[in-house]
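Content type PDB, C-alpha atoms, from the file structure.pdb:
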ATOM      1  CA  MET A  27      -0.700 174.575 158.734
ATOM      2  CA  ARG A  28      -1.963 177.605 160.626
ATOM      3  CA  TYR A  29      -3.442 177.553 164.136
ATOM      4  CA  THR A  30      -5.627 179.915 166.151
ATOM      5  CA  ILE A  31      -4.902 179.435 169.856
ATOM      6  CA  VAL A  32      -7.537 180.617 172.325
ATOM      7  CA  VAL A  33      -5.767 180.848 175.686
ATOM      8  CA  ASN A  34      -7.302 181.206 179.129
ATOM      9  CA  ALA A  35      -5.425 184.294 180.319
ATOM     10  CA  ARG A  36      -5.972 183.192 183.946
ATOM     11  CA  ALA A  37      -4.438 179.723 183.476
ATOM     12  CA  GLY A  38      -1.648 178.923 185.926
ATOM     13  CA  THR A  39       0.942 178.504 183.178
ATOM     14  CA  VAL A  40       0.179 181.979 181.814
ATOM     15  CA  LEU A  41       0.273 183.604 185.239
ATOM     16  CA  GLU A  42       3.601 181.964 186.052
ATOM     17  CA  ALA A  43       5.285 183.056 182.810
ATOM     18  CA  GLY A  44       3.540 186.378 182.179
ATOM     19  CA  ALA A  45       1.164 186.932 179.253
ATOM     20  CA  ASP A  46       3.653 188.430 176.790
ATOM     21  CA  ALA A  47       6.381 185.901 177.548
ATOM     22  CA  PHE A  48       3.953 183.009 177.258
ATOM     23  CA  ALA A  49       2.588 184.206 173.906
ATOM     24  CA  ALA A  50       6.120 184.618 172.537
ATOM     25  CA  ARG A  51       7.104 181.144 173.708
ATOM     26  CA  LEU A  52       3.983 179.653 172.139
ATOM     27  CA  GLU A  53       4.619 181.382 168.810
ATOM     28  CA  ALA A  54       8.236 180.156 168.789
ATOM     29  CA  ALA A  55       7.166 176.582 169.559
ATOM     30  CA  PHE A  56       4.800 176.472 166.569
ATOM     31  CA  ALA A  57       7.307 178.246 164.314
ATOM     32  CA  ASN A  58       9.814 175.462 165.021
ATOM     33  CA  HIS A  59       7.416 173.105 163.231
ATOM     34  CA  GLY A  60       6.800 175.457 160.325
ATOM     35  CA  CYS A  61       3.372 176.465 161.578
ATOM     36  CA  GLY A  62       1.833 179.913 161.748
ATOM     37  CA  VAL A  63      -0.113 180.820 164.874
ATOM     38  CA  ASP A  64      -2.478 183.516 166.078
ATOM     39  CA  VAL A  65      -2.422 183.608 169.904
ATOM     40  CA  ARG A  66      -5.521 185.103 171.532
ATOM     41  CA  LEU A  67      -5.244 185.561 175.295
ATOM     42  CA  VAL A  68      -8.739 186.116 176.678
ATOM     43  CA  PRO A  69     -10.333 186.198 180.150
ATOM     44  CA  PRO A  70     -12.439 183.163 181.098
ATOM     45  CA  ARG A  71     -15.786 184.883 180.422
ATOM     46  CA  GLU A  72     -14.788 185.534 176.783
ATOM     47  CA  ILE A  73     -13.460 182.063 175.929
ATOM     48  CA  ASP A  74     -16.694 180.754 174.378
ATOM     49  CA  ASP A  75     -17.020 183.710 171.987
ATOM     50  CA  ALA A  76     -13.347 183.621 171.015
ATOM     51  CA  LEU A  77     -13.480 179.861 170.450
ATOM     52  CA  SER A  78     -16.633 180.139 168.322
ATOM     53  CA  LEU A  79     -14.904 182.690 166.098
ATOM     54  CA  ALA A  80     -11.828 180.467 165.801
ATOM     55  CA  ILE A  81     -13.982 177.492 164.789
ATOM     56  CA  GLU A  82     -15.698 179.547 162.087
ATOM     57  CA  ASP A  83     -12.338 180.447 160.503
ATOM     58  CA  LYS A  84     -11.769 177.581 158.056
ATOM     59  CA  HIS A  85      -8.243 178.779 157.241
ATOM     60  CA  ALA A  86      -6.804 177.826 160.651
ATOM     61  CA  LEU A  87      -7.125 174.914 163.069
ATOM     62  CA  PRO A  88      -8.742 176.063 166.353
ATOM     63  CA  VAL A  89      -6.948 175.175 169.591
ATOM     64  CA  LEU A  90      -8.142 175.726 173.159
ATOM     65  CA  ALA A  91      -5.365 176.213 175.737
ATOM     66  CA  GLY A  92      -6.302 175.780 179.383
ATOM     67  CA  GLY A  93      -6.866 173.288 182.164
ATOM     68  CA  ASP A  94      -9.560 170.633 182.535
ATOM     69  CA  GLY A  95     -11.971 173.212 183.949
ATOM     70  CA  THR A  96     -11.483 175.545 180.990
ATOM     71  CA  ILE A  97     -12.171 172.700 178.565
ATOM     72  CA  ASN A  98     -15.220 171.696 180.621
ATOM     73  CA  GLY A  99     -16.679 175.187 180.434
ATOM     74  CA  ALA A 100     -16.267 175.259 176.646
ATOM     75  CA  LEU A 101     -17.906 171.854 176.011
ATOM     76  CA  PRO A 102     -21.219 173.296 174.729
ATOM     77  CA  VAL A 103     -19.218 175.120 172.036
ATOM     78  CA  LEU A 104     -16.836 172.237 171.353
ATOM     79  CA  ILE A 105     -19.505 169.586 170.753
ATOM     80  CA  GLN A 106     -21.172 171.843 168.169
ATOM     81  CA  ALA A 107     -17.960 172.180 166.140
ATOM     82  CA  ASP A 108     -18.021 170.612 162.697
ATOM     83  CA  ARG A 109     -14.304 169.760 162.762
ATOM     84  CA  PRO A 110     -11.592 168.573 165.192
ATOM     85  CA  ILE A 111     -10.319 170.919 167.902
ATOM     86  CA  GLY A 112      -6.811 170.989 169.311
ATOM     87  CA  ILE A 113      -6.193 171.033 173.069
ATOM     88  CA  LEU A 114      -3.159 172.438 174.894
ATOM     89  CA  PRO A 115      -3.395 171.402 178.572
ATOM     90  CA  MET A 116      -2.299 174.115 180.995
ATOM     91  CA  GLY A 117      -3.887 173.155 184.299
ATOM     92  CA  THR A 118      -2.696 171.423 187.464
ATOM     93  CA  VAL A 119      -3.892 167.875 186.736
ATOM     94  CA  ASN A 120      -4.598 167.887 182.959
ATOM     95  CA  VAL A 121      -6.567 164.637 182.882
ATOM     96  CA  LEU A 122      -7.748 165.055 179.299
ATOM     97  CA  GLY A 123      -4.340 166.271 178.101
ATOM     98  CA  ARG A 124      -2.655 163.092 179.355
ATOM     99  CA  ASP A 125      -5.303 160.962 177.645
ATOM    100  CA  LEU A 126      -4.533 162.758 174.380
ATOM    101  CA  GLY A 127      -0.791 162.136 174.778
ATOM    102  CA  LEU A 128      -0.100 165.826 175.436
ATOM    103  CA  PHE A 129       2.298 166.226 178.344
ATOM    104  CA  GLY A 130       5.778 167.469 179.150
ATOM    105  CA  THR A 131       6.983 170.968 178.359
ATOM    106  CA  LEU A 132       4.963 173.400 176.288
ATOM    107  CA  GLU A 133       7.307 172.745 173.366
ATOM    108  CA  GLN A 134       6.749 168.977 173.661
ATOM    109  CA  GLN A 135       2.987 169.464 173.752
ATOM    110  CA  VAL A 136       3.072 171.666 170.658
ATOM    111  CA  ALA A 137       5.211 169.097 168.832
ATOM    112  CA  ALA A 138       2.729 166.336 169.727
ATOM    113  CA  LEU A 139      -0.199 168.501 168.637
ATOM    114  CA  CYS A 140       1.402 169.288 165.285
ATOM    115  CA  ARG A 141       1.932 165.560 164.635
ATOM    116  CA  GLY A 142      -1.461 164.578 166.011
ATOM    117  CA  GLU A 143      -4.499 162.913 164.509
ATOM    118  CA  PRO A 144      -8.239 163.496 165.067
ATOM    119  CA  VAL A 145      -9.955 161.108 167.482
ATOM    120  CA  GLU A 146     -13.536 160.832 168.692
ATOM    121  CA  MET A 147     -14.389 160.864 172.382
ATOM    122  CA  ASP A 148     -17.470 160.326 174.514
ATOM    123  CA  VAL A 149     -18.852 163.140 176.660
ATOM    124  CA  GLY A 150     -20.775 162.677 179.900
ATOM    125  CA  ARG A 151     -23.886 164.563 180.914
ATOM    126  CA  VAL A 152     -25.402 164.986 184.387
ATOM    127  CA  ASN A 153     -28.961 166.250 183.922
ATOM    128  CA  ASP A 154     -28.118 169.298 181.773
ATOM    129  CA  ARG A 155     -24.438 169.595 182.781
ATOM    130  CA  LEU A 156     -21.628 168.277 180.518
ATOM    131  CA  PHE A 157     -18.246 166.859 181.549
ATOM    132  CA  HIS A 158     -15.405 165.289 179.571
ATOM    133  CA  SER A 159     -13.630 163.088 182.120
ATOM    134  CA  LEU A 160     -14.607 163.065 185.791
ATOM    135  CA  SER A 161     -17.543 163.883 188.053
ATOM    136  CA  GLY A 162     -17.422 163.276 191.774
ATOM    137  CA  MET A 163     -18.677 164.088 195.237
ATOM    138  CA  GLY A 164     -17.396 163.756 198.771
ATOM    139  CA  PHE A 165     -13.589 163.792 198.862
ATOM    140  CA  PHE A 166     -13.348 164.743 195.177
ATOM    141  CA  SER A 167     -15.618 167.786 195.389
ATOM    142  CA  LEU A 168     -13.863 168.965 198.556
ATOM    143  CA  MET A 169     -10.519 168.487 196.826
ATOM    144  CA  ALA A 170     -11.634 170.675 193.925
ATOM    145  CA  ARG A 171     -12.868 173.413 196.275
ATOM    146  CA  GLU A 172      -9.745 173.309 198.427
ATOM    147  CA  ARG A 173      -7.512 173.387 195.351
ATOM    148  CA  GLU A 174      -9.226 176.507 194.030
ATOM    149  CA  TYR A 175      -8.837 178.190 197.428
ATOM    150  CA  ALA A 176      -5.168 177.175 197.632
ATOM    151  CA  ARG A 177      -4.512 178.417 194.081
ATOM    152  CA  ARG A 178      -5.693 181.878 195.105
ATOM    153  CA  ARG A 179      -3.282 181.819 198.052
ATOM    154  CA  PHE A 180      -0.375 180.338 196.054
ATOM    155  CA  PRO A 181      -0.996 181.463 192.441
ATOM    156  CA  PHE A 182       2.592 180.806 191.329
ATOM    157  CA  SER A 183       3.032 177.356 192.861
ATOM    158  CA  ARG A 184       0.564 174.802 191.536
ATOM    159  CA  ALA A 185       2.388 171.954 193.311
ATOM    160  CA  ALA A 186       2.069 173.655 196.698
ATOM    161  CA  ALA A 187      -1.595 174.418 196.082
ATOM    162  CA  PHE A 188      -2.287 170.806 195.097
ATOM    163  CA  GLY A 189      -0.462 169.400 198.141
ATOM    164  CA  ILE A 190      -2.282 171.659 200.591
ATOM    165  CA  ALA A 191      -5.649 170.894 198.995
ATOM    166  CA  ALA A 192      -5.042 167.123 199.126
ATOM    167  CA  THR A 193      -4.022 167.224 202.785
ATOM    168  CA  ARG A 194      -7.030 169.290 203.857
ATOM    169  CA  SER A 195      -9.392 167.097 201.845
ATOM    170  CA  ILE A 196      -8.119 163.914 203.484
ATOM    171  CA  LEU A 197      -8.568 165.513 206.916
ATOM    172  CA  PHE A 198     -11.964 167.140 206.514
ATOM    173  CA  THR A 199     -14.055 164.962 204.177
ATOM    174  CA  ARG A 200     -17.404 163.884 205.639
ATOM    175  CA  PRO A 201     -19.211 160.741 204.422
ATOM    176  CA  VAL A 202     -22.464 160.894 202.451
ATOM    177  CA  MET A 203     -25.271 158.319 202.164
ATOM    178  CA  LEU A 204     -26.354 157.649 198.574
ATOM    179  CA  ASP A 205     -28.746 155.604 196.465
ATOM    180  CA  ILE A 206     -26.762 154.545 193.388
ATOM    181  CA  THR A 207     -28.199 152.728 190.377
ATOM    182  CA  VAL A 208     -26.001 151.522 187.514
ATOM    183  CA  GLY A 209     -28.012 149.503 185.000
ATOM    184  CA  ASP A 210     -29.847 146.807 186.994
ATOM    185  CA  ASP A 211     -27.481 147.183 189.962
ATOM    186  CA  HIS A 212     -28.955 149.241 192.798
ATOM    187  CA  ARG A 213     -27.261 149.794 196.123
ATOM    188  CA  ILE A 214     -27.306 152.122 199.127
ATOM    189  CA  VAL A 215     -23.822 153.172 200.218
ATOM    190  CA  GLU A 216     -22.175 155.337 202.820
ATOM    191  CA  ALA A 217     -19.136 156.727 201.074
ATOM    192  CA  ASP A 218     -16.277 159.128 201.657
ATOM    193  CA  ALA A 219     -16.196 159.686 197.901
ATOM    194  CA  VAL A 220     -17.915 158.698 194.675
ATOM    195  CA  LEU A 221     -16.252 159.245 191.319
ATOM    196  CA  VAL A 222     -17.939 158.747 187.933
ATOM    197  CA  THR A 223     -15.550 158.575 184.981
ATOM    198  CA  VAL A 224     -16.252 158.706 181.249
ATOM    199  CA  ASN A 225     -14.723 155.357 180.235
ATOM    200  CA  ARG A 226     -12.170 153.411 182.278
ATOM    201  CA  PHE A 227      -8.979 154.816 183.765
ATOM    202  CA  GLU A 228      -5.935 152.624 184.373
ATOM    203  CA  GLY A 229      -2.591 152.769 186.174
ATOM    204  CA  ALA A 230      -0.822 155.155 188.505
ATOM    205  CA  ASP A 231      -1.160 158.057 186.072
ATOM    206  CA  TRP A 232      -4.931 157.574 185.643
ATOM    207  CA  ARG A 233      -4.996 157.413 181.860
ATOM    208  CA  ARG A 234      -7.794 156.072 179.643
ATOM    209  CA  PRO A 235      -6.813 153.439 177.060
ATOM    210  CA  ARG A 236      -9.971 154.375 175.113
ATOM    211  CA  LEU A 237     -11.974 157.577 174.912
ATOM    212  CA  ASP A 238     -14.880 156.112 172.935
ATOM    213  CA  ASP A 239     -15.787 152.915 174.808
ATOM    214  CA  GLY A 240     -19.328 154.088 175.533
ATOM    215  CA  LEU A 241     -19.471 153.487 179.281
ATOM    216  CA  PHE A 242     -19.198 155.056 182.702
ATOM    217  CA  GLU A 243     -17.148 153.595 185.536
ATOM    218  CA  VAL A 244     -18.305 154.347 189.064
ATOM    219  CA  HIS A 245     -15.808 154.204 191.944
ATOM    220  CA  VAL A 246     -17.123 154.208 195.510
ATOM    221  CA  LEU A 247     -14.676 154.824 198.364
ATOM    222  CA  ASN A 248     -16.366 153.227 201.371
ATOM    223  CA  ALA A 249     -16.720 155.412 204.448
ATOM    224  CA  GLY A 250     -13.901 154.527 206.809
ATOM    225  CA  GLY A 251     -12.580 157.820 208.019
ATOM    226  CA  LEU A 252      -9.118 159.295 207.874
ATOM    227  CA  TYR A 253      -7.299 155.953 207.729
ATOM    228  CA  SER A 254      -9.144 154.607 204.695
ATOM    229  CA  ARG A 255      -8.876 157.924 202.834
ATOM    230  CA  SER A 256      -5.130 158.012 203.469
ATOM    231  CA  LYS A 257      -4.731 154.416 202.265
ATOM    232  CA  ALA A 258      -6.769 155.156 199.177
ATOM    233  CA  ALA A 259      -4.621 158.203 198.381
ATOM    234  CA  LEU A 260      -1.456 156.097 198.700
ATOM    235  CA  SER A 261      -2.915 153.362 196.492
ATOM    236  CA  VAL A 262      -3.653 155.936 193.772
ATOM    237  CA  VAL A 263      -0.082 157.237 193.903
ATOM    238  CA  SER A 264       1.371 153.702 193.799
ATOM    239  CA  GLY A 265      -0.877 152.591 190.938
ATOM    240  CA  HIS A 266      -2.545 149.817 192.994
ATOM    241  CA  TRP A 267      -5.825 151.651 193.560
ATOM    242  CA  ARG A 268      -7.901 148.934 191.873
ATOM    243  CA  ASP A 269      -6.688 146.485 194.532
ATOM    244  CA  SER A 270      -7.835 148.694 197.418
ATOM    245  CA  HIS A 271     -10.249 146.903 199.784
ATOM    246  CA  ASN A 272     -11.985 150.217 200.456
ATOM    247  CA  LEU A 273     -12.795 150.859 196.798
ATOM    248  CA  THR A 274     -15.693 149.325 194.852
ATOM    249  CA  SER A 275     -15.973 149.875 191.093
ATOM    250  CA  PHE A 276     -18.651 148.990 188.554
ATOM    251  CA  THR A 277     -19.558 150.010 184.992
ATOM    252  CA  GLY A 278     -22.621 150.922 182.940
ATOM    253  CA  ASP A 279     -23.862 153.285 180.276
ATOM    254  CA  ALA A 280     -26.180 155.180 182.652
ATOM    255  CA  VAL A 281     -25.917 156.108 186.340
ATOM    256  CA  THR A 282     -28.408 157.567 188.820
ATOM    257  CA  MET A 283     -27.427 158.941 192.230
ATOM    258  CA  ILE A 284     -29.641 160.373 194.979
ATOM    259  CA  ARG A 285     -28.491 161.756 198.322
ATOM    260  CA  ARG A 286     -30.447 160.101 201.122
ATOM    261  CA  ASP A 287     -30.441 163.316 203.169
ATOM    262  CA  LYS A 288     -32.061 165.216 200.234
ATOM    263  CA  ARG A 289     -29.691 168.145 200.783
ATOM    264  CA  ARG A 290     -27.902 170.161 198.145
ATOM    265  CA  GLY A 291     -24.383 168.826 197.772
ATOM    266  CA  HIS A 292     -21.177 169.854 196.071
ATOM    267  CA  ILE A 293     -20.478 168.014 192.807
ATOM    268  CA  THR A 294     -17.293 168.384 190.794
ATOM    269  CA  PHE A 295     -17.203 168.310 187.003
ATOM    270  CA  ASP A 296     -13.632 168.091 185.670
ATOM    271  CA  GLY A 297     -12.463 170.120 188.664
ATOM    272  CA  GLU A 298     -15.276 172.705 188.523
ATOM    273  CA  VAL A 299     -17.623 172.608 191.532
ATOM    274  CA  GLU A 300     -21.373 173.248 191.689
ATOM    275  CA  ARG A 301     -24.041 172.636 194.324
ATOM    276  CA  LYS A 302     -26.905 170.439 193.183
ATOM    277  CA  ALA A 303     -29.965 168.870 194.780
ATOM    278  CA  GLY A 304     -32.291 166.087 193.692
ATOM    279  CA  THR A 305     -31.622 163.158 191.392
ATOM    280  CA  LEU A 306     -28.373 163.145 189.426
ATOM    281  CA  SER A 307     -28.943 161.314 186.136
ATOM    282  CA  TYR A 308     -25.755 160.491 184.222
ATOM    283  CA  GLY A 309     -25.957 159.756 180.507
ATOM    284  CA  LEU A 310     -23.432 159.461 177.682
ATOM    285  CA  LEU A 311     -23.087 161.400 174.447
ATOM    286  CA  PRO A 312     -21.152 158.798 172.407
ATOM    287  CA  LYS A 313     -18.357 160.168 170.222
ATOM    288  CA  ALA A 314     -19.746 163.671 170.682
ATOM    289  CA  LEU A 315     -16.401 165.463 170.480
ATOM    290  CA  ARG A 316     -13.528 165.350 167.978
ATOM    291  CA  VAL A 317     -10.121 166.426 169.238
ATOM    292  CA  ILE A 318      -6.498 166.150 168.141
ATOM    293  CA  ALA A 319      -4.536 163.413 169.920
ATOM    294  CA  ALA A 320      -0.832 162.621 169.801
ATOM    295  CA  ARG A 321      -1.607 158.966 169.218
ATOM    296  CA  PRO A 322      -4.128 157.107 167.063
ATOM    297  CA  ALA A 323      -7.471 156.190 168.591
ATOM    298  CA  SER A 324      -7.639 152.684 170.090
ATOM    299  CA  HIS A 325      -9.811 150.159 168.291
TER     300      HIS A 325
END
Mind converting the file's structure to structure tokens?
Amino acid sequence: MRYTIVVNARAGTVLEAGADAFAARLEAAFANHGCGVDVRLVPPREIDDALSLAIEDKHALPVLAGGDGTINGALPVLIQADRPIGILPMGTVNVLGRDLGLFGTLEQQVAALCRGEPVEMDVGRVNDRLFHSLSGMGFFSLMAREREYARRRFPFSRAAAFGIAATRSILFTRPVMLDITVGDDHRIVEADAVLVTVNRFEGADWRRPRLDDGLFEVHVLNAGGLYSRSKAALSVVSGHWRDSHNLTSFTGDAVTMIRRDKRRGHITFDGEVERKAGTLSYGLLPKALRVIAARPASH
């Protein structure tokens, strides 16, 4: 088997190791499994073109290496692919990578990828914007913005950047009033955070048992200030977040959200933040993406 690896040259893992050292380590990891590899380190603005070329080459399996945001940005290219795509997670959180069973050291991830199988996964869409795992506002959008700011200040310490971002987000989140409709369920809420996930997440490590269940889950963290946000953060870490009295969750295959103040607000899509106004209409693209997972798809 031969692989073409398109790598985000600005990914934290690459910056920490250095481009040449990272490429050499990646080549050695694939060679240990008898696989040839062509490593292409490209800046973020060139990822789509490089990935399109890799997909067109039928003699090698295309792989995208980067964090959740990198994968998010490439979704328009990925969903048009006529064959499975490999993922190598190299971000801070790596939500999708964990769901695909790709975690641990780079060598462990490569080993899992080489043994992997194609699976189908749903993709979410907000108006004309795609996302593969998570979309949120309030605490979650502030967290994404603070994390990006902290990463620029601490480019070689992702843990420090994450910790600083989490602390500032807990302290400075402001509640938002929303109209939320999920199926026939309509409610008006004042929330510190709203998170929409493609399929259901479980446990302390926030992992999805299924990627193709065809539903959204909406989590609303009720506005309660610093105390409730701190409790919610602790419940996520401990794995008891579904038991939190401040958290309400419900499911459906379509979601509509409208800010009552009609202002433009920050929305996060897999860690990438944009400002949007007006109605946010969430819909699913069932089984729109085929990727390589380290475990068989759940049925």
Discussion item. Using the chain letters and numbers from this file, what does the PyMOL selection byres ((chain A and resi 204-207) around 9) select? Give the answer as a PyMOL selection string.
Written reply: chain A and resi 202-203+208-217+280-287
Practice item. With the file shown as input, list the residues that the PyMOL selection byres ((chain A and resi 226) around 12) selects, as a PyMOL selection string. Key: chain A and resi 125+148+159-160+221-225+227-229+232-245+268+275-279
* Do you know which residues are at most 7 Å from range 297-307 of chain A counting all atoms listed in the file, after dropping those on the same chain fewer than 6 positions away, and could you put them as a ChimeraX atom specification? -> /A:94-95,152-153,167,170-171,281-284,288-291
I would like the residues chosen by the PyMOL selection byres ((chain A and resi 93) around 6) on the shown file; could you give them as an MDAnalysis selection string?
chainID A and resid 92 94:96 115:117 120
- Query: Interatomic distance between CA of Gln135 in chain A and CA of Leu114 in chain A?
  - Reply: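 CA of Leu114 in chain A lies at a distance of 6.9 Å from CA of Gln135 in chain A.
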Which range 75-185 of chain A residues have any atom within 10 Å of an atom of range 58-68 of chain A, and for each, what is the nearest pair of atoms with distance in Å to one decimal, counting all atoms listed in the file, rows sorted by chain and number, as a tab-separated table?
residue	atom	partner	partner_atom	distance
A:Asp75	CA	A:Val68	CA	9.8
A:Ala76	CA	A:Val68	CA	7.7
A:Leu77	CA	A:Arg66	CA	9.6
A:Ala80	CA	A:Arg66	CA	9.7
A:Ala86	CA	A:Val63	CA	8.5
A:Leu87	CA	A:Val63	CA	9.3
A:Pro88	CA	A:Asp64	CA	9.7
A:Val89	CA	A:Val65	CA	9.6
A:Leu90	CA	A:Arg66	CA	9.9
A:Ala91	CA	A:Leu67	CA	9.4
A:Glu133	CA	A:Asn58	CA	9.1
A:Val136	CA	A:His59	CA	8.7
A:Ala137	CA	A:His59	CA	7.2
A:Cys140	CA	A:His59	CA	7.4
A:Arg141	CA	A:His59	CA	9.4
